[in-house]
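Raw upload.cif, mmCIF, C-alpha atoms:
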```
data_final
#
loop_
_atom_site.group_PDB
_atom_site.id
_atom_site.type_symbol
_atom_site.label_atom_id
_atom_site.label_comp_id
_atom_site.auth_asym_id
_atom_site.auth_seq_id
_atom_site.Cartn_x
_atom_site.Cartn_y
_atom_site.Cartn_z
ATOM 1 C CA MET A 25 -1.404 0.675 -14.820
ATOM 2 C CA PRO A 26 -4.702 -0.201 -16.393
ATOM 3 C CA GLY A 27 -7.251 -0.699 -13.645
ATOM 4 C CA PRO A 28 -9.158 -1.427 -11.654
ATOM 5 C CA THR A 29 -6.377 -2.779 -9.494
ATOM 6 C CA ARG A 30 -7.217 -5.816 -7.384
ATOM 7 C CA THR A 31 -5.541 -5.818 -4.036
ATOM 8 C CA THR A 32 -5.170 -8.122 -1.048
ATOM 9 C CA ALA A 33 -5.499 -5.431 1.670
ATOM 10 C CA ILE A 34 -6.766 -1.857 1.360
ATOM 11 C CA LEU A 35 -6.625 0.914 3.946
ATOM 12 C CA VAL A 36 -8.814 3.859 2.895
ATOM 13 C CA LEU A 37 -7.860 7.180 4.520
ATOM 14 C CA TYR A 38 -10.996 9.316 4.203
ATOM 15 C CA GLY A 39 -11.475 12.983 5.065
ATOM 16 C CA HIS A 40 -10.124 16.433 4.305
ATOM 17 C CA GLY A 41 -6.498 16.540 3.240
ATOM 18 C CA ALA A 42 -3.767 19.112 2.810
ATOM 19 C CA LEU A 43 -0.167 19.451 1.733
ATOM 20 C CA SER A 44 2.613 19.726 4.253
ATOM 21 C CA ASP A 45 6.105 21.147 3.869
ATOM 22 C CA ALA A 46 7.417 18.114 5.726
ATOM 23 C CA THR A 47 8.767 15.102 3.846
ATOM 24 C CA PHE A 48 9.689 11.612 4.967
ATOM 25 C CA ASP A 49 11.662 8.648 3.696
ATOM 26 C CA PHE A 50 9.070 6.220 2.309
ATOM 27 C CA LYS A 51 11.131 3.223 3.339
ATOM 28 C CA ARG A 52 9.689 -0.154 4.301
ATOM 29 C CA ASP A 53 10.808 -3.745 4.356
ATOM 30 C CA ALA A 54 9.671 -5.896 1.436
ATOM 31 C CA GLY A 55 7.244 -7.768 3.706
ATOM 32 C CA ALA A 56 5.551 -4.494 4.712
ATOM 33 C CA ARG A 57 5.401 -2.788 1.322
ATOM 34 C CA LEU A 58 2.910 0.064 0.896
ATOM 35 C CA ASN A 59 1.417 1.472 -2.282
ATOM 36 C CA LEU A 60 -0.128 4.915 -1.827
ATOM 37 C CA TYR A 61 -2.875 5.700 -4.356
ATOM 38 C CA SER A 62 -4.079 9.309 -4.647
ATOM 39 C CA TRP A 63 -7.032 10.635 -6.617
ATOM 40 C CA THR A 64 -5.574 14.048 -7.303
ATOM 41 C CA ARG A 65 -2.188 15.555 -7.954
ATOM 42 C CA GLU A 66 -0.663 17.952 -5.437
ATOM 43 C CA GLY A 67 -2.296 21.357 -5.250
ATOM 44 C CA ILE A 68 -5.541 20.229 -6.905
ATOM 45 C CA PRO A 69 -8.748 19.693 -4.910
ATOM 46 C CA VAL A 70 -10.751 16.526 -5.458
ATOM 47 C CA TRP A 71 -14.530 16.401 -5.776
ATOM 48 C CA ASP A 72 -16.311 14.891 -2.788
ATOM 49 C CA THR A 73 -18.178 12.519 -5.095
ATOM 50 C CA GLN A 74 -14.892 11.232 -6.567
ATOM 51 C CA ILE A 75 -13.418 10.253 -3.213
ATOM 52 C CA GLU A 76 -16.733 8.758 -2.136
ATOM 53 C CA LEU A 77 -16.925 6.572 -5.268
ATOM 54 C CA ALA A 78 -13.296 5.498 -4.883
ATOM 55 C CA ALA A 79 -13.765 4.598 -1.219
ATOM 56 C CA ASN A 80 -17.037 2.765 -1.871
ATOM 57 C CA SER A 81 -15.452 0.682 -4.639
ATOM 58 C CA ALA A 82 -12.478 -0.229 -2.451
ATOM 59 C CA LEU A 83 -14.663 -1.231 0.478
ATOM 60 C CA GLN A 84 -17.287 -3.097 -1.541
ATOM 61 C CA ASP A 85 -15.193 -4.759 -4.256
ATOM 62 C CA GLY A 86 -11.667 -4.844 -2.829
ATOM 63 C CA GLU A 87 -10.301 -2.977 -5.829
ATOM 64 C CA ILE A 88 -8.854 0.427 -6.611
ATOM 65 C CA ARG A 89 -10.649 2.278 -9.393
ATOM 66 C CA ASP A 90 -8.585 3.043 -12.494
ATOM 67 C CA SER A 91 -9.020 6.826 -12.207
ATOM 68 C CA TYR A 92 -6.242 7.406 -9.672
ATOM 69 C CA ALA A 93 -3.727 10.104 -10.586
ATOM 70 C CA THR A 94 -0.662 9.086 -8.593
ATOM 71 C CA VAL A 95 0.821 5.895 -7.176
ATOM 72 C CA ASN A 96 3.832 5.932 -4.852
ATOM 73 C CA SER A 97 5.394 2.689 -3.625
ATOM 74 C CA SER A 98 7.608 2.230 -0.602
ATOM 75 C CA ARG A 99 11.114 1.035 -1.264
ATOM 76 C CA ILE A 100 13.624 -0.878 0.801
ATOM 77 C CA GLY A 101 16.177 1.860 0.090
ATOM 78 C CA GLY A 102 13.587 4.612 0.569
ATOM 79 C CA THR A 103 12.304 7.521 -1.472
ATOM 80 C CA ARG A 104 11.261 11.040 -0.399
ATOM 81 C CA LEU A 105 7.531 11.685 -0.158
ATOM 82 C CA LYS A 106 5.474 14.601 1.152
ATOM 83 C CA ASN A 107 3.909 13.951 4.537
ATOM 84 C CA TYR A 108 0.282 14.791 3.705
ATOM 85 C CA VAL A 109 -2.165 15.872 6.405
ATOM 86 C CA LEU A 110 -5.550 14.243 7.039
ATOM 87 C CA ALA A 111 -8.409 15.814 9.019
ATOM 88 C CA ALA A 112 -11.910 14.629 9.946
ATOM 89 C CA PRO A 113 -14.433 14.257 7.106
ATOM 90 C CA THR A 114 -16.560 17.147 8.410
ATOM 91 C CA GLY A 115 -19.246 18.038 5.878
ATOM 92 C CA LEU A 116 -18.439 15.115 3.536
ATOM 93 C CA ARG A 117 -20.914 12.346 2.849
ATOM 94 C CA PRO A 118 -19.626 9.237 4.570
ATOM 95 C CA ALA A 119 -18.399 6.334 2.506
ATOM 96 C CA THR A 120 -20.841 3.426 2.250
ATOM 97 C CA VAL A 121 -19.592 0.703 4.545
ATOM 98 C CA PRO A 122 -20.776 -2.781 3.521
ATOM 99 C CA ALA A 123 -22.947 -4.793 5.887
ATOM 100 C CA GLY A 124 -21.037 -6.989 8.309
ATOM 101 C CA PHE A 125 -18.091 -4.643 8.833
ATOM 102 C CA GLN A 126 -16.826 -4.211 12.399
ATOM 103 C CA GLU A 127 -15.860 -0.899 14.024
ATOM 104 C CA THR A 128 -12.821 -0.227 16.192
ATOM 105 C CA GLN A 129 -12.046 3.093 17.870
ATOM 106 C CA PHE A 130 -8.595 3.959 19.199
ATOM 107 C CA GLU A 131 -6.046 6.774 19.201
ATOM 108 C CA ILE A 132 -3.105 7.467 16.936
ATOM 109 C CA GLU A 133 -0.711 10.041 18.384
ATOM 110 C CA GLY A 134 -3.459 11.123 20.820
ATOM 111 C CA VAL A 135 -6.026 11.674 18.036
ATOM 112 C CA ALA A 136 -9.257 9.661 18.133
ATOM 113 C CA VAL A 137 -9.854 7.582 14.988
ATOM 114 C CA THR A 138 -12.411 5.030 13.871
ATOM 115 C CA VAL A 139 -11.601 2.069 11.631
ATOM 116 C CA GLN A 140 -14.415 0.146 9.997
ATOM 117 C CA HIS A 141 -13.115 -3.236 8.830
ATOM 118 C CA ASN A 142 -14.312 -6.440 7.198
ATOM 119 C CA ALA A 143 -13.054 -9.005 9.741
ATOM 120 C CA ALA A 144 -13.257 -9.449 13.493
ATOM 121 C CA THR A 145 -10.014 -7.500 14.041
ATOM 122 C CA ILE A 146 -8.069 -4.860 12.144
ATOM 123 C CA ALA A 147 -5.139 -7.283 11.818
ATOM 124 C CA ALA A 148 -7.323 -9.901 10.113
ATOM 125 C CA SER A 149 -9.064 -7.400 7.823
ATOM 126 C CA THR A 150 -8.431 -6.880 4.111
ATOM 127 C CA ARG A 151 -10.686 -3.838 3.631
ATOM 128 C CA MET A 152 -10.506 -0.963 6.098
ATOM 129 C CA LEU A 153 -11.845 2.609 6.252
ATOM 130 C CA LEU A 154 -10.096 5.004 8.637
ATOM 131 C CA THR A 155 -11.480 8.395 9.582
ATOM 132 C CA ILE A 156 -10.438 10.903 12.208
ATOM 133 C CA ASP A 157 -13.268 11.424 14.686
ATOM 134 C CA GLU A 158 -14.820 14.883 14.563
ATOM 135 C CA ASN A 159 -14.117 17.098 17.582
ATOM 136 C CA GLU A 160 -13.654 20.726 18.563
ATOM 137 C CA ASN A 161 -9.839 20.534 18.350
ATOM 138 C CA ASP A 162 -9.588 20.202 14.551
ATOM 139 C CA ASP A 163 -7.149 17.332 15.063
ATOM 140 C CA ILE A 164 -4.959 16.244 12.167
ATOM 141 C CA LEU A 165 -2.650 13.336 11.476
ATOM 142 C CA PHE A 166 0.199 12.911 8.997
ATOM 143 C CA LEU A 167 0.739 9.973 6.630
ATOM 144 C CA THR A 168 3.622 8.791 8.780
ATOM 145 C CA ASP A 169 1.304 8.603 11.799
ATOM 146 C CA PHE A 170 -0.825 5.998 9.989
ATOM 147 C CA PHE A 171 2.113 4.159 8.452
ATOM 148 C CA ASN A 172 3.883 3.828 11.831
ATOM 149 C CA ASP A 173 0.823 2.836 13.879
ATOM 150 C CA ALA A 174 1.030 -0.714 15.248
ATOM 151 C CA ASN A 175 -2.151 -1.704 13.357
ATOM 152 C CA PHE A 176 -0.549 -0.968 9.976
ATOM 153 C CA ALA A 177 3.255 -0.815 10.408
ATOM 154 C CA ASP A 178 4.232 -4.397 9.684
ATOM 155 C CA ARG A 179 1.862 -5.408 6.921
ATOM 156 C CA GLN A 180 1.545 -4.998 3.182
ATOM 157 C CA LEU A 181 -1.169 -2.539 2.241
ATOM 158 C CA ASP A 182 -2.565 -0.557 -0.604
ATOM 159 C CA VAL A 183 -3.381 2.795 0.967
ATOM 160 C CA LEU A 184 -6.060 4.820 -0.755
ATOM 161 C CA TRP A 185 -5.782 8.562 -0.015
ATOM 162 C CA CYS A 186 -9.392 9.751 -0.367
ATOM 163 C CA ALA A 187 -8.758 13.425 0.365
ATOM 164 C CA CYS A 188 -7.413 16.567 -1.277
ATOM 165 C CA LYS A 189 -3.729 17.430 -1.458
ATOM 166 C CA SER A 190 -4.193 21.202 -1.581
#
```

File written out as structure tokens:
Amino acid sequence: MPGPTRTTAILVLYGHGALSDATFDFKRDAGARLNLYSWTREGIPVWDTQIELAANSALQDGEIRDSYATVNSSRIGGTRLKNYVLAAPTGLRPATVPAGFQETQFEIEGVAVTVQHNAATIAASTRMLLTIDENENDDILFLTDFFNDANFADRQLDVLWCACKS
């Protein structure tokens, strides 16, 4: 795909990432299709500046930069995908959130998260940045936790994985 890729709704998952041995069936209805964009292949770390630039572009311009390495799309019949792990962005520079964005805090699977979004509600938003809140517990979430959360489960999204997969 030559890029940048324009999109109608982007969810940026921002923080430290890791591989997991677990897999899941990346199966969704056509009306809730997800495209998962990753900036690095499995087992390769990503530079902090790369994920920051990718997130900033998505939030500011509503587009996915053309330097992504991998794109996985959900299918009605399903396809196997690794269930990557996301942790808080401890030590990373935060993404630049455009003026006028709202902030919503809630829990996914008992883990505190913050979503910064460009409309009054998450449901009405087309550009969203999700981070796990920093705490002493080193909480993590899996891709499936985000995909199955009520805020994201029944809508079409381009999900931008701004984290390592190593």

Could you build a table of the residues in segment 54-83 of chain A lying no more than 8 Å from segment 175-188 of chain A, giving for each the nearest pair of atoms and their separation in Å rounded to one decimal place, using only C-alpha atoms, ordered by chain and ascending residue number, as JSON lines?
```
{"residue": "A:Gly55", "atom": "CA", "partner": "A:Gln180", "partner_atom": "CA", "distance": 6.4}
{"residue": "A:Ala56", "atom": "CA", "partner": "A:Gln180", "partner_atom": "CA", "distance": 4.3}
{"residue": "A:Arg57", "atom": "CA", "partner": "A:Gln180", "partner_atom": "CA", "distance": 4.8}
{"residue": "A:Leu58", "atom": "CA", "partner": "A:Leu181", "partner_atom": "CA", "distance": 5.0}
{"residue": "A:Asn59", "atom": "CA", "partner": "A:Asp182", "partner_atom": "CA", "distance": 4.8}
{"residue": "A:Leu60", "atom": "CA", "partner": "A:Val183", "partner_atom": "CA", "distance": 4.8}
{"residue": "A:Tyr61", "atom": "CA", "partner": "A:Leu184", "partner_atom": "CA", "distance": 4.9}
{"residue": "A:Ser62", "atom": "CA", "partner": "A:Trp185", "partner_atom": "CA", "distance": 5.0}
{"residue": "A:Trp63", "atom": "CA", "partner": "A:Cys186", "partner_atom": "CA", "distance": 6.7}
{"residue": "A:Thr64", "atom": "CA", "partner": "A:Cys188", "partner_atom": "CA", "distance": 6.8}
{"residue": "A:Ile68", "atom": "CA", "partner": "A:Cys188", "partner_atom": "CA", "distance": 7.0}
{"residue": "A:Pro69", "atom": "CA", "partner": "A:Cys188", "partner_atom": "CA", "distance": 5.0}
{"residue": "A:Val70", "atom": "CA", "partner": "A:Cys188", "partner_atom": "CA", "distance": 5.4}
{"residue": "A:Ile75", "atom": "CA", "partner": "A:Cys186", "partner_atom": "CA", "distance": 5.0}
{"residue": "A:Glu76", "atom": "CA", "partner": "A:Cys186", "partner_atom": "CA", "distance": 7.6}
{"residue": "A:Ala78", "atom": "CA", "partner": "A:Cys186", "partner_atom": "CA", "distance": 7.3}
{"residue": "A:Ala79", "atom": "CA", "partner": "A:Cys186", "partner_atom": "CA", "distance": 6.8}
```

Spatial neighbours of segment 155-158 of chain A, 10 Å, only C-alpha atoms, chain gap at least 5 places, as JSON, numbers by chain = {"A": [36, 37, 38, 39, 40, 110, 111, 112, 113, 114, 118, 129, 130, 131, 132, 135, 136, 137, 138, 139, 140, 163, 164, 165]}

One decimal place gives the atom CA of Arg151 of chain A-atom CA of Glu87 of chain A separation as 9.5 Å

Quiz prompt | Shell around Thr47 of chain A at 9 Å using only C-alpha atoms, local window under 4 positions removed, as a PyMOL selection string | solution = chain A and resi 104-108

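With atom CA of Leu154 of chain A on one side and atom CA of Gly101 of chain A on the other, the separation reads 27.8 Å.
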
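Between atom CA of Gly41 of chain A and atom CA of Gly102 of chain A lies a distance of 23.5 Å.
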
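Nearest residue to Leu167 of chain A, choosing from A:Glu133, A:Asp90, A:Asp85, A:Asp53 and counting only C-alpha atoms: A:Glu133.
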
Notebook entry, point to check: For this file, the PyMOL selection byres ((chain A and resi 51) around 7) selects which residues, as a list in words?
Noted result: Asp49, Phe50, Arg52, Ser98, Arg99, Ile100, Gly101, Gly102 and Thr103 of chain A

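Distances from A:Arg89, A:Ala54, A:His141, A:Ala46 to Glu127 of chain A were compared using all atoms listed in the file, and the smallest one belongs to A:His141.
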
Box for segment 164-173 of chain A: with edges along x, y and z, all listed atoms inside and 3 Å added on each side, what are the centre and edge lengths in Å to one decimal, as JSON?
```
{"center_x": -0.5, "center_y": 9.5, "center_z": 10.3, "size_x": 14.8, "size_y": 19.4, "size_z": 13.2}
```

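Of the listed residues A:Ala33, A:Ser44, A:Val121, A:Glu66, the one whose atoms come nearest to Ile88 of chain A is A:Ala33, with distances taken using all atoms listed in the file.
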
Please, could N, CA, C and O atoms be added to segment 149-173 of chain A and the result written as a compact mmCIF listing (two decimals), in the coordinates of the input?
```
# COMPACT_ATOMS: atom_id res chain seq x y z
N SER A 149 -8.25 -8.03 8.87
CA SER A 149 -9.06 -7.40 7.82
C SER A 149 -8.28 -7.15 6.54
O SER A 149 -7.07 -6.90 6.56
N THR A 150 -9.01 -7.19 5.42
CA THR A 150 -8.43 -6.88 4.11
C THR A 150 -9.02 -5.61 3.50
O THR A 150 -8.51 -5.12 2.51
N ARG A 151 -10.08 -5.10 4.08
CA ARG A 151 -10.69 -3.84 3.63
C ARG A 151 -11.00 -3.00 4.86
O ARG A 151 -11.76 -3.43 5.73
N MET A 152 -10.39 -1.81 4.92
CA MET A 152 -10.51 -0.96 6.10
C MET A 152 -10.73 0.49 5.69
O MET A 152 -10.12 0.97 4.74
N LEU A 153 -11.58 1.19 6.44
CA LEU A 153 -11.84 2.61 6.25
C LEU A 153 -11.47 3.32 7.54
O LEU A 153 -12.01 3.01 8.61
N LEU A 154 -10.52 4.26 7.46
CA LEU A 154 -10.10 5.00 8.64
C LEU A 154 -10.50 6.46 8.49
O LEU A 154 -10.23 7.09 7.46
N THR A 155 -11.15 6.97 9.52
CA THR A 155 -11.48 8.40 9.58
C THR A 155 -11.06 8.93 10.94
O THR A 155 -11.06 8.21 11.95
N ILE A 156 -10.70 10.21 10.95
CA ILE A 156 -10.44 10.90 12.21
C ILE A 156 -11.79 11.31 12.77
O ILE A 156 -12.64 11.84 12.05
N ASP A 157 -12.00 11.07 14.06
CA ASP A 157 -13.27 11.42 14.69
C ASP A 157 -13.39 12.95 14.77
O ASP A 157 -12.41 13.65 15.07
N GLU A 158 -14.58 13.44 14.50
CA GLU A 158 -14.82 14.88 14.56
C GLU A 158 -14.81 15.35 16.01
O GLU A 158 -15.33 14.67 16.89
N ASN A 159 -14.16 16.51 16.25
CA ASN A 159 -14.12 17.10 17.58
C ASN A 159 -13.87 18.60 17.46
O ASN A 159 -13.66 19.11 16.37
N GLU A 160 -13.85 19.27 18.57
CA GLU A 160 -13.65 20.73 18.56
C GLU A 160 -12.20 21.13 18.34
O GLU A 160 -11.91 22.28 18.08
N ASN A 161 -11.26 20.20 18.43
CA ASN A 161 -9.84 20.53 18.35
C ASN A 161 -9.29 20.61 16.94
O ASN A 161 -8.14 20.98 16.75
N ASP A 162 -10.09 20.25 15.93
CA ASP A 162 -9.59 20.20 14.55
C ASP A 162 -8.31 19.38 14.44
O ASP A 162 -7.33 19.79 13.83
N ASP A 163 -8.32 18.20 15.06
CA ASP A 163 -7.15 17.33 15.06
C ASP A 163 -6.78 16.90 13.65
O ASP A 163 -7.64 16.72 12.79
N ILE A 164 -5.49 16.74 13.43
CA ILE A 164 -4.96 16.24 12.17
C ILE A 164 -3.94 15.14 12.44
O ILE A 164 -3.40 15.04 13.53
N LEU A 165 -3.72 14.33 11.44
CA LEU A 165 -2.65 13.34 11.48
C LEU A 165 -1.90 13.39 10.15
O LEU A 165 -2.45 13.77 9.13
N PHE A 166 -0.64 12.98 10.18
CA PHE A 166 0.20 12.91 9.00
C PHE A 166 0.23 11.47 8.47
O PHE A 166 -0.05 10.53 9.21
N LEU A 167 0.59 11.32 7.21
CA LEU A 167 0.74 9.97 6.63
C LEU A 167 1.60 9.08 7.51
O LEU A 167 1.26 7.92 7.74
N THR A 168 2.71 9.60 7.97
CA THR A 168 3.62 8.79 8.78
C THR A 168 2.97 8.30 10.07
O THR A 168 3.32 7.24 10.57
N ASP A 169 2.01 9.06 10.60
CA ASP A 169 1.30 8.60 11.80
C ASP A 169 0.55 7.31 11.52
O ASP A 169 0.54 6.39 12.34
N PHE A 170 -0.10 7.22 10.36
CA PHE A 170 -0.82 6.00 9.99
C PHE A 170 0.15 4.87 9.69
O PHE A 170 -0.02 3.74 10.13
N PHE A 171 1.16 5.18 8.89
CA PHE A 171 2.11 4.16 8.45
C PHE A 171 2.87 3.53 9.62
O PHE A 171 3.24 2.37 9.56
N ASN A 172 3.12 4.32 10.69
CA ASN A 172 3.88 3.83 11.83
C ASN A 172 3.02 3.26 12.95
O ASN A 172 3.55 2.71 13.91
N ASP A 173 1.70 3.37 12.85
CA ASP A 173 0.82 2.84 13.88
C ASP A 173 0.92 1.31 13.90
O ASP A 173 1.03 0.66 12.85
```
